[in-house]
Every structure is written in structure tokens, then in C-alpha cells.
Amino acid sequence: MTNDTSGDVRLSGIAKTYGSFTAVHPLDLTVPQGSFFALLGASGCGKTTTLRMIAGLEEPSAGTVHLGDQDVTALPPYKRPVNTVFQSYALFPHLDIFENVAFGLRRRGIKSVKKQVGDMLDLVQLGEQARKKPHQLSGGQQQRVAVARALINHPKVLLLDEPLGALDLKLRRQMQLELKRIQTEVGITFVHVTHDQEEAMTMADTVAVMNAGRVEQLGSPTDLYENPRTTFVANFLGTSNFIEAEVDSKSGDDVVLKAGGGKLLLPGARCSAPTTTGGKVLVGVRPEKISLVPAEEAGEIPEGRNRITGRIADSSFIGVSTQYVVDSPVCPDFEVYAQNIDRDTRLVPGAEVVLHWNPAHTFGLDASQDIDAGTEEEAVV
Amino acid sequence: MTVVNWLKRNLVVIAGLLTLSYLLLPNVIVTIFSFNNPKGRFNYEWQEFSTAAWKDPCGVSDMCGSLSVSLQLAFWATIGATLLGTMIAFALVRYRFRARGAVNSLIFLPMAMPEVVMAASLLTLFLNLGAQLGFWTILIAHIMFCLSFVVTAVKARVMSMDPRLEQAAQDLYAGPVQTFIRVTLPIAAPGIAAGALLAFALSFDDFIITNFNAGSTVTFPMFVWGSAQRGTPVQINVIGTAMFVIAVLFVLASMVISNRRNKQKA
């Protein structure tokens, strides 16, 4: 990343309402020059509207859009130095691939486009297809044309609106790497809209998780995954287990919580809720951080680990790991993912078990939220 | 049994050929009789082969004049109806305005109304306005009834257009005018062309509305009708055959061109 800020995108107080419906609540967001930024959320969360306001295809109801130091809020799309890769590509059906890619250059009055278009088509490995029409190409090829058509203009910012949504899984994975490679190569700011959490996490440097027209949380993929601050983020990115607990006391930097009959430790820094004694907190932990042992080996668990008891309700073997659902007094469907290193034959449905994990992997959330927020949307993926 | 089987297998082809011959037989008769050398004033009975009429297509007084009037009318009516119709179609599909629903259904009225009624009411209107009947009143009438057909054809095309294509053009530095010329128009072109062809054909052979509002102007269909009372010159068949051949040639040419294009692509 450089000190050049001409490719910064700065949204200040930007909002969009349609009649009485608010698609995007007043939003402040800065995307630094040269970064790969993802707007992640379920359909209808306002992510595409936000993108279209940056492109100029949607007029914000309030707020401003800055590109670098320039206020572009009032500029029409054809005067903004940004280009978009549309969902389903929107290639011009009456023009061949060459002319599709040359479109932006020609509109800016550039006469000799041949070399640039040729180079760009080589970059996306479509040099051979220059004289074909869009409908003669496969989905993946069309997608690459759409990227080439946008990139050839050297925009300050490239906007991608669910560009991989129409591709099958394998091709999507391949194109994710391809896009990431292109972004590193050209160094342009990418703003990527997607509902696929895995896609956002693999590609982006920074992810903004949106829900109902607001940014729930913004951060690096690891930060969002390890330290979710709302149940929506915790559930939308991967899977989380939640235990309702009461604040008991504090010991050093840790908070001691009461859940069921037992005690749990939670690092104070990883709790986004107030920790006054007697207050309620949602304790969260990811399924892969948890170890599972049969109840008779409970004595072998090292000191200082959080532990709860339960009975295996269900287990499914999926190759690299086994996924258990454990019925525990403090949480009815506790999920545990265990790597298949040593498969313990005693861990079958009906077995009494003890779950334990490092307290450092625990996070605490405000207990007033809906525990299931974001879970249904994840199923869409 | 083999005959029955053969019939079964070729039923669709046979039915198609029969329908085609039903459609084309009148044209064949017209063509054959354009080479007739009739005895009296009427060209209804075959006498002997002659190319006299083909060598002198304008030999009948006033006929080529009426043909020229009809072609001019069709030309201008096509341009007028296509321009207005395309704009109306875009307005109806793209914009939400007051009375949009009403306009949408009123546009169909000329297609549904009996021509005689339209012809008579137009004449009433022209007479009340004190307009001089002639070329211009016919043109106004033709543009009016061609309009609905153009609107219908173009609307279907515009409705199926992805609005994101225009947004993509804008995103790629094309202003509103450029977007329209470079993207919207080329994509809507097949619909517009279909509408224009329809308008030309409808205007060229319209008789009823034209007859009411023509004053002393005579179009080709009016000439044919008029001469049918007194005698039908062979030249009418010549013009009819020529029009048919030209139309078929156009269709063939467009097929050849699109075939060649498809081959180049593949």
C-alpha cells in the first residue's frame, strides 16, 4: 500500500431510502487505496445499493461520496473514474468481445485501441476469442470479459457486484484466485459485493459485514472470525455456539461467568458487552476450538480450561473431520468439529462427554441479541 | 401398409406444402396472367403467351403515377410511424407517468377498430377542420394506423432488454446520447425494423381508409379497384408480380447474409 490516496473511497453519512423503506442507513466507510474490500451480507442488506451509489448508478438520499479528494456525489456515472463488473456481466450482445473491451476507451475518444485491447485480452487469457460474440462464450469466459472491459480503463476503483454468483463452485474458486491475482498485479482498489462469506474471507483484506442497511462490523477476515461483536457476524461467518451466562466476578484480565452449575472464563478484552456483576452475557465459542473427551477421562483435562458436560446427540463423519452435536444442559445443540487424527470409538451418539477449550478462544456478546441472527441467511450460500 | 407408413412419416411435410400452396396459389395465378395477351379489356381468361406488358409496364395511363404516390406515401408513413412509435414504445416501457395505462390500451384501439369506422370518422374530422383532402390527409391517416403496429413491435423488444446494459454503457463513460446510439438503439433495432416493415406493407396496400380521405389523389390500390370496374390491364399483374419478387428477394438476401455471419462466427 502506498501513500497515494487518489484511489481512496470515502463514504460519509451516505444513505438511501425508497419511500418509507430504508435500504442503507447513514453509513461512514473508508476504503484505502489499493485494498481489496468486501461488502458481505445476505440479499437485501443494502450492499449492492451501497456499491451502486459509489458507481453513480444510484443517487444517495443523503451523504457524500469521495474518490480521493474529489467529491463525486453529484457526478453522473459516465464522469466517475470507477468501473463496474456487473452481476451477470451485462456484456453488450450486439458487439464482439474486442469491441466490448474497447467500449470504454472509444467513448473517451481514444483512437488506437488495438494494442491495449489485445494486451488486456491476453491478461484474461481470451486473446483467441476477440471476434466472438458474448453469447458464444462460457460463463467463466464472459466473466473475464466483463473484468477486462472494466480494467482496461484503469479506473481508480473497480466495483464488483457479485461477479462470481453465476458460476459453478469449482470455477468460482478458480476465478477468486484469478481476481485476487489481477488485483495484486494492477494495484487498483477493488470493492467487492458478495453474499458468500468464504469468498469474502479468501479474497478481501478488509470485510464489512452488512445487515439490514447497516455495517455490523468491519475488519480483517481473521479479526471478524475470531472476534465477532454481534451474533449476526458470529453466525454469518461460520458457525458459533452460544451459552447464556451471568457475570460472577473478575480475576485479573478475565471475567468469571456462571453458566448452569459451572464456571467459565472469558478474557475481558474479548467481551463486547458490559461486564457488571450479575449482568447477562452471551458466551460464544467456535466449534473447531473445542475438544471432546468421554466423561470418564474428565480428570485428564488440564487445569484452566473452560469445560461443560453433555451427551452426544448426533455425529457425522465428513472426511477431514467429524461433526458432533452435543446436548448440554447449558446449550441444547452444541456443535463440535473434531479433526480425524485419532478417532475415539467411544464418541458415539448417546455417550456422555466433557467439552473443553482454551478460555482465550471464548468471546462475549451482549445477551439482549437474537442468538440465531444470521443463521438462516448463511444457509442461502 | 408401406403407403400408410410413408404418409405417417411425412404428414407434417405434406400439410406444410398444402398450406404453402394455398397461400401462394393466388400469387402464381397473378404471375401467370401477367404474361397473358387478353382479347377484351378484362384479363380473366387465358389467351396466349406474351411479354408485351412486361416490356411496357407503364403503358397504362395514370397507373405508374398512382404507384409512385403509393410508394411515397408508404415511405413517409413508415418514417413517421417508426419515429413516433419507437419513442412511444420507449416511453411506455421505461417511464412511469400519469395515464400510462390509458395510453397503453388506447394505442391498441386502431388495430381493433373496423377500418371503415376509422375511415369515416377521420373524414368527418378532416371535413370539419376544413382540410384539403389529398396526399397529406392520407399520410396523416396512414401514420395513425401504422403507429399501433410499430409500438407493439418495438415495445416487445424494449421490454426484453436488460436495463443493466445501459447502466454498463454509462459506467463505461458513455453519456446519455452515446448510450442511446451505441447500445440502446442497436439492441432495439430488430424490433424497430420489424415495425417499419409492417408499417410499409400496411400503408402500401391500404384501401378503405385511403379511399375515404384521398380527395382526388389516386393510390395504387385505388387505381386497381377503379380499373377493375372498367377493365383490368395486364400491367396490374406485372406490378403485382414485381412487388412479390422483390419482397422474396429481400427475404432471401437477408437469410443469406445472416447465414454467412453465423458461419463466420463459428
# chains A, B, ... in the order shown; residues from 1 in each chain; ligands from 1
>>> residues_around(residues="Val151 (chain B)", least_positions_apart="3", cutoff="6 Å", atoms="only C-alpha atoms", output="PyMOL selection string")
chain B and resi 85+89+148+154-155
>>> interface_residues(of="chain A", to="chain B", cutoff="9 Å", atoms="only C-alpha atoms", output="count of residues only")
32
>>> select_by_dssp(residues="region 170-220 of chain A", states="strand (DSSP E or B)", output="PDB file with C-alpha atoms, in the first residue's frame")
ATOM      1  CA  THR A 189      -8.750  -0.537  -5.247  1.00  0.00           C
ATOM      2  CA  PHE A 190     -11.349  -3.322  -5.513  1.00  0.00           C
ATOM      3  CA  VAL A 191     -14.739  -3.079  -3.815  1.00  0.00           C
ATOM      4  CA  HIS A 192     -16.411  -6.448  -3.968  1.00  0.00           C
ATOM      5  CA  VAL A 193     -20.033  -7.183  -3.083  1.00  0.00           C
ATOM      6  CA  THR A 194     -20.879 -10.765  -2.167  1.00  0.00           C
ATOM      7  CA  THR A 206     -10.962  -5.945   4.799  1.00  0.00           C
ATOM      8  CA  VAL A 207     -14.554  -7.131   5.079  1.00  0.00           C
ATOM      9  CA  ALA A 208     -17.567  -5.074   6.081  1.00  0.00           C
ATOM     10  CA  VAL A 209     -20.449  -7.271   7.188  1.00  0.00           C
ATOM     11  CA  MET A 210     -23.774  -5.605   6.383  1.00  0.00           C
ATOM     12  CA  ASN A 211     -27.154  -6.408   7.835  1.00  0.00           C
ATOM     13  CA  ARG A 214     -26.068  -1.098   8.404  1.00  0.00           C
ATOM     14  CA  VAL A 215     -22.461  -2.197   8.738  1.00  0.00           C
ATOM     15  CA  GLU A 216     -22.449  -4.642  11.653  1.00  0.00           C
ATOM     16  CA  GLN A 217     -18.704  -4.978  11.856  1.00  0.00           C
ATOM     17  CA  LEU A 218     -15.645  -4.099   9.833  1.00  0.00           C
ATOM     18  CA  GLY A 219     -12.261  -5.747   9.967  1.00  0.00           C
TER      19      GLY A 219
END
>>> residues_around(residues="Leu24 (chain B)", least_positions_apart="6", cutoff="12 Å", atoms="only C-alpha atoms", output="ChimeraX atom specification")
/B:17-18,30-31,241,244
>>> write_last_selection(atoms="C-alpha atoms", output="tab-separated table (two decimals), in the first residue's frame")
chain	number	residue	atom	x	y	z
B	17	LEU	CA	-46.80	-27.99	-48.56
B	18	LEU	CA	-50.60	-27.87	-48.85
B	30	VAL	CA	-51.23	-13.32	-60.84
B	31	THR	CA	-47.79	-14.14	-62.24
B	241	THR	CA	-45.63	-9.89	-59.63
B	244	PHE	CA	-43.83	-10.11	-54.90
>>> closest_residue(among="B:Leu202, B:Leu106, B:Val28, B:Ile181", to="Ala74 (chain B)", atoms="only C-alpha atoms")
B:Leu202
>>> atom_distance(atom1="CA of Leu177 (chain A)", atom2="CA of Thr202 (chain A)")
8.5 Å
>>> residues_around(residues="region 66-75 of chain A", least_positions_apart="5", cutoff="7 Å", atoms="only C-alpha atoms", output="list in words")
Thr5, Ser6, Gly7, Asp8, Val9, Arg10, Leu11 and Arg80 of chain A
>>> residues_around(residues="region 250-255 of chain A", least_positions_apart="4", cutoff="12 Å", atoms="only C-alpha atoms", output="number ranges by chain")
A: 245-246, 263-271, 273-279, 281, 283, 304, 359-360, 362-364
>>> write_last_selection(atoms="C-alpha atoms", output="PDB file, in the first residue's frame")
ATOM      1  CA  ALA A 245     -24.154 -16.863  31.306  1.00  0.00           C
ATOM      2  CA  GLU A 246     -24.157 -14.488  34.262  1.00  0.00           C
ATOM      3  CA  LYS A 263     -17.892 -21.576  35.726  1.00  0.00           C
ATOM      4  CA  LEU A 264     -16.433 -20.249  32.501  1.00  0.00           C
ATOM      5  CA  LEU A 265     -13.555 -17.858  31.917  1.00  0.00           C
ATOM      6  CA  LEU A 266     -13.672 -15.103  29.322  1.00  0.00           C
ATOM      7  CA  PRO A 267     -10.846 -12.636  28.555  1.00  0.00           C
ATOM      8  CA  GLY A 268     -12.218  -9.181  29.344  1.00  0.00           C
ATOM      9  CA  ALA A 269     -10.748  -7.791  26.109  1.00  0.00           C
ATOM     10  CA  ARG A 270     -12.803 -10.238  24.049  1.00  0.00           C
ATOM     11  CA  CYS A 271     -16.119  -9.193  25.506  1.00  0.00           C
ATOM     12  CA  ALA A 273     -20.804  -6.411  26.365  1.00  0.00           C
ATOM     13  CA  PRO A 274     -20.680  -4.606  29.737  1.00  0.00           C
ATOM     14  CA  THR A 275     -19.440  -6.969  32.473  1.00  0.00           C
ATOM     15  CA  THR A 276     -21.088  -5.689  35.617  1.00  0.00           C
ATOM     16  CA  THR A 277     -21.512  -8.385  38.236  1.00  0.00           C
ATOM     17  CA  GLY A 278     -24.876 -10.088  37.890  1.00  0.00           C
ATOM     18  CA  GLY A 279     -25.298  -8.973  34.263  1.00  0.00           C
ATOM     19  CA  VAL A 281     -23.535 -12.183  28.736  1.00  0.00           C
ATOM     20  CA  VAL A 283     -20.568 -16.684  25.691  1.00  0.00           C
ATOM     21  CA  GLY A 304      -7.585 -23.650  33.487  1.00  0.00           C
ATOM     22  CA  PRO A 359     -10.582 -19.627  27.536  1.00  0.00           C
ATOM     23  CA  ALA A 360      -8.657 -17.392  25.101  1.00  0.00           C
ATOM     24  CA  THR A 362     -14.027 -17.534  24.107  1.00  0.00           C
ATOM     25  CA  PHE A 363     -15.805 -14.344  23.080  1.00  0.00           C
ATOM     26  CA  GLY A 364     -18.546 -12.490  24.929  1.00  0.00           C
TER      27      GLY A 364
END
>>> residues_around(residues="Ala214 (chain B)", least_positions_apart="5", cutoff="9 Å", atoms="only C-alpha atoms", output="CSV table (one decimal) with N, CA and C atoms, in the first residue's frame")
chain,number,residue,atom,x,y,z
B,133,LEU,N,-58.5,17.6,-48.8
B,133,LEU,CA,-58.2,16.1,-48.9
B,133,LEU,C,-57.2,15.9,-50.0
B,134,GLY,N,-56.2,15.0,-49.7
B,134,GLY,CA,-55.2,14.7,-50.7
B,134,GLY,C,-54.1,13.9,-50.0
B,135,PHE,N,-52.9,14.1,-50.6
B,135,PHE,CA,-51.7,13.4,-50.1
B,135,PHE,C,-51.5,13.5,-48.6
B,136,TRP,N,-51.6,14.7,-48.1
B,136,TRP,CA,-51.3,15.0,-46.7
B,136,TRP,C,-52.3,14.3,-45.8
B,137,THR,N,-53.6,14.4,-46.1
B,137,THR,CA,-54.6,13.7,-45.3
B,137,THR,C,-54.4,12.2,-45.3
B,138,ILE,N,-54.1,11.7,-46.4
B,138,ILE,CA,-53.8,10.2,-46.5
B,138,ILE,C,-52.6,9.9,-45.6
B,209,ILE,N,-59.3,3.2,-45.7
B,209,ILE,CA,-59.1,4.5,-45.1
B,209,ILE,C,-58.6,5.5,-46.1
B,219,THR,N,-54.2,6.4,-55.2
B,219,THR,CA,-53.1,5.5,-54.9
B,219,THR,C,-53.2,4.2,-55.7
>>> atom_distance(atom1="CA of Arg311 (chain A)", atom2="CA of Gln369 (chain A)")
27.1 Å
>>> atom_distance(atom1="CA of Leu179 (chain A)", atom2="CA of Leu237 (chain A)")
21.5 Å
>>> select_by_dssp(residues="region 159-309 of chain A", states="alpha helix (DSSP H)", output="PyMOL selection string")
chain A and resi 169-186+197-203+221-226+231-236
>>> residues_around(residues="Gly238 (chain A)", least_positions_apart="4", cutoff="8 Å", atoms="only C-alpha atoms", output="list in words")
Gln197, Tyr225 and Ala234 of chain A
>>> decode(residues="region 13-126 of chain B", atoms="C-alpha atoms", output="tab-separated table (two decimals), in the first residue's frame")
chain	number	residue	atom	x	y	z
B	13	VAL	CA	-44.36	-32.02	-44.66
B	14	ILE	CA	-47.49	-32.70	-46.69
B	15	ALA	CA	-49.62	-30.46	-44.51
B	16	GLY	CA	-46.96	-27.74	-44.79
B	17	LEU	CA	-46.80	-27.99	-48.56
B	18	LEU	CA	-50.60	-27.87	-48.85
B	19	THR	CA	-50.77	-24.77	-46.67
B	20	LEU	CA	-47.99	-23.13	-48.66
B	21	SER	CA	-49.73	-23.81	-51.94
B	22	TYR	CA	-52.97	-22.44	-50.51
B	23	LEU	CA	-51.08	-19.25	-49.64
B	24	LEU	CA	-49.12	-18.98	-52.87
B	25	LEU	CA	-51.65	-20.12	-55.48
B	26	PRO	CA	-53.17	-16.63	-55.92
B	27	ASN	CA	-49.68	-15.22	-56.48
B	28	VAL	CA	-48.95	-17.89	-59.06
B	29	ILE	CA	-52.15	-17.01	-60.92
B	30	VAL	CA	-51.23	-13.32	-60.84
B	31	THR	CA	-47.79	-14.14	-62.24
B	32	ILE	CA	-49.13	-16.40	-65.00
B	33	PHE	CA	-51.68	-13.84	-66.10
B	34	SER	CA	-49.00	-11.14	-66.27
B	35	PHE	CA	-47.84	-12.97	-69.41
B	36	ASN	CA	-51.34	-13.12	-70.91
B	37	ASN	CA	-52.45	-11.32	-74.02
B	38	PRO	CA	-56.15	-10.78	-73.27
B	39	LYS	CA	-58.70	-10.18	-76.06
B	40	GLY	CA	-61.05	-7.74	-74.35
B	41	ARG	CA	-60.48	-5.24	-71.58
B	42	PHE	CA	-60.57	-7.90	-68.87
B	43	ASN	CA	-57.60	-10.12	-68.02
B	44	TYR	CA	-59.58	-13.03	-66.60
B	45	GLU	CA	-59.24	-15.67	-69.36
B	46	TRP	CA	-56.00	-17.18	-70.67
B	47	GLN	CA	-55.44	-16.43	-74.34
B	48	GLU	CA	-51.81	-16.62	-75.36
B	49	PHE	CA	-48.30	-16.02	-74.01
B	50	SER	CA	-46.98	-12.51	-74.40
B	51	THR	CA	-44.35	-10.32	-72.77
B	52	ALA	CA	-45.86	-7.11	-74.07
B	53	ALA	CA	-46.99	-5.89	-70.63
B	54	TRP	CA	-43.56	-6.61	-69.07
B	55	LYS	CA	-41.87	-4.57	-71.81
B	56	ASP	CA	-44.15	-1.61	-71.20
B	57	PRO	CA	-45.15	-1.67	-67.53
B	58	CYS	CA	-46.21	1.99	-67.53
B	59	GLY	CA	-48.22	1.67	-70.69
B	60	VAL	CA	-51.50	2.21	-68.90
B	61	SER	CA	-52.26	5.86	-68.30
B	62	ASP	CA	-52.08	7.03	-64.66
B	63	MET	CA	-51.05	3.63	-63.30
B	64	CYS	CA	-47.38	4.39	-62.69
B	65	GLY	CA	-48.39	7.77	-61.29
B	66	SER	CA	-50.58	6.07	-58.70
B	67	LEU	CA	-47.80	3.60	-57.96
B	68	SER	CA	-45.40	6.45	-57.30
B	69	VAL	CA	-47.95	8.12	-54.99
B	70	SER	CA	-48.36	4.85	-53.06
B	71	LEU	CA	-44.61	4.34	-52.72
B	72	GLN	CA	-44.09	7.90	-51.50
B	73	LEU	CA	-46.94	7.57	-49.02
B	74	ALA	CA	-45.61	4.26	-47.74
B	75	PHE	CA	-42.10	5.72	-47.42
B	76	TRP	CA	-43.11	8.77	-45.41
B	77	ALA	CA	-45.74	6.91	-43.39
B	78	THR	CA	-43.09	4.33	-42.44
B	79	ILE	CA	-40.65	7.02	-41.33
B	80	GLY	CA	-43.28	8.96	-39.40
B	81	ALA	CA	-44.85	5.94	-37.73
B	82	THR	CA	-41.49	4.34	-36.90
B	83	LEU	CA	-40.09	7.52	-35.33
B	84	LEU	CA	-43.19	8.26	-33.27
B	85	GLY	CA	-43.90	4.62	-32.48
B	86	THR	CA	-40.38	3.94	-31.25
B	87	MET	CA	-40.49	6.96	-28.95
B	88	ILE	CA	-43.91	5.97	-27.61
B	89	ALA	CA	-42.75	2.39	-27.03
B	90	PHE	CA	-39.71	3.58	-25.06
B	91	ALA	CA	-41.81	5.98	-23.03
B	92	LEU	CA	-44.35	3.27	-22.22
B	93	VAL	CA	-41.75	0.74	-21.11
B	94	ARG	CA	-39.23	2.98	-19.38
B	95	TYR	CA	-41.21	5.67	-17.62
B	96	ARG	CA	-43.97	5.67	-15.07
B	97	PHE	CA	-46.22	8.61	-15.87
B	98	ARG	CA	-49.85	9.55	-15.36
B	99	ALA	CA	-52.29	7.91	-17.77
B	100	ARG	CA	-49.63	5.41	-18.82
B	101	GLY	CA	-52.16	2.61	-18.52
B	102	ALA	CA	-54.70	4.52	-20.57
B	103	VAL	CA	-52.17	5.27	-23.32
B	104	ASN	CA	-51.12	1.63	-23.29
B	105	SER	CA	-54.62	0.43	-24.09
B	106	LEU	CA	-55.62	3.33	-26.36
B	107	ILE	CA	-52.63	2.56	-28.57
B	108	PHE	CA	-54.27	-0.77	-29.43
B	109	LEU	CA	-57.55	0.79	-30.46
B	110	PRO	CA	-56.68	1.43	-34.13
B	111	MET	CA	-55.77	-2.25	-34.51
B	112	ALA	CA	-59.06	-3.40	-33.04
B	113	MET	CA	-61.42	-0.90	-34.65
B	114	PRO	CA	-63.08	-1.69	-38.01
B	115	GLU	CA	-61.25	0.26	-40.70
B	116	VAL	CA	-64.45	1.63	-42.16
B	117	VAL	CA	-65.36	3.27	-38.88
B	118	MET	CA	-61.92	4.82	-38.57
B	119	ALA	CA	-62.03	5.97	-42.18
B	120	ALA	CA	-65.41	7.63	-41.78
B	121	SER	CA	-64.56	9.35	-38.50
B	122	LEU	CA	-61.25	10.62	-39.90
B	123	LEU	CA	-63.08	12.04	-42.91
B	124	THR	CA	-65.53	13.78	-40.58
B	125	LEU	CA	-62.61	15.25	-38.68
B	126	PHE	CA	-60.83	16.47	-41.82
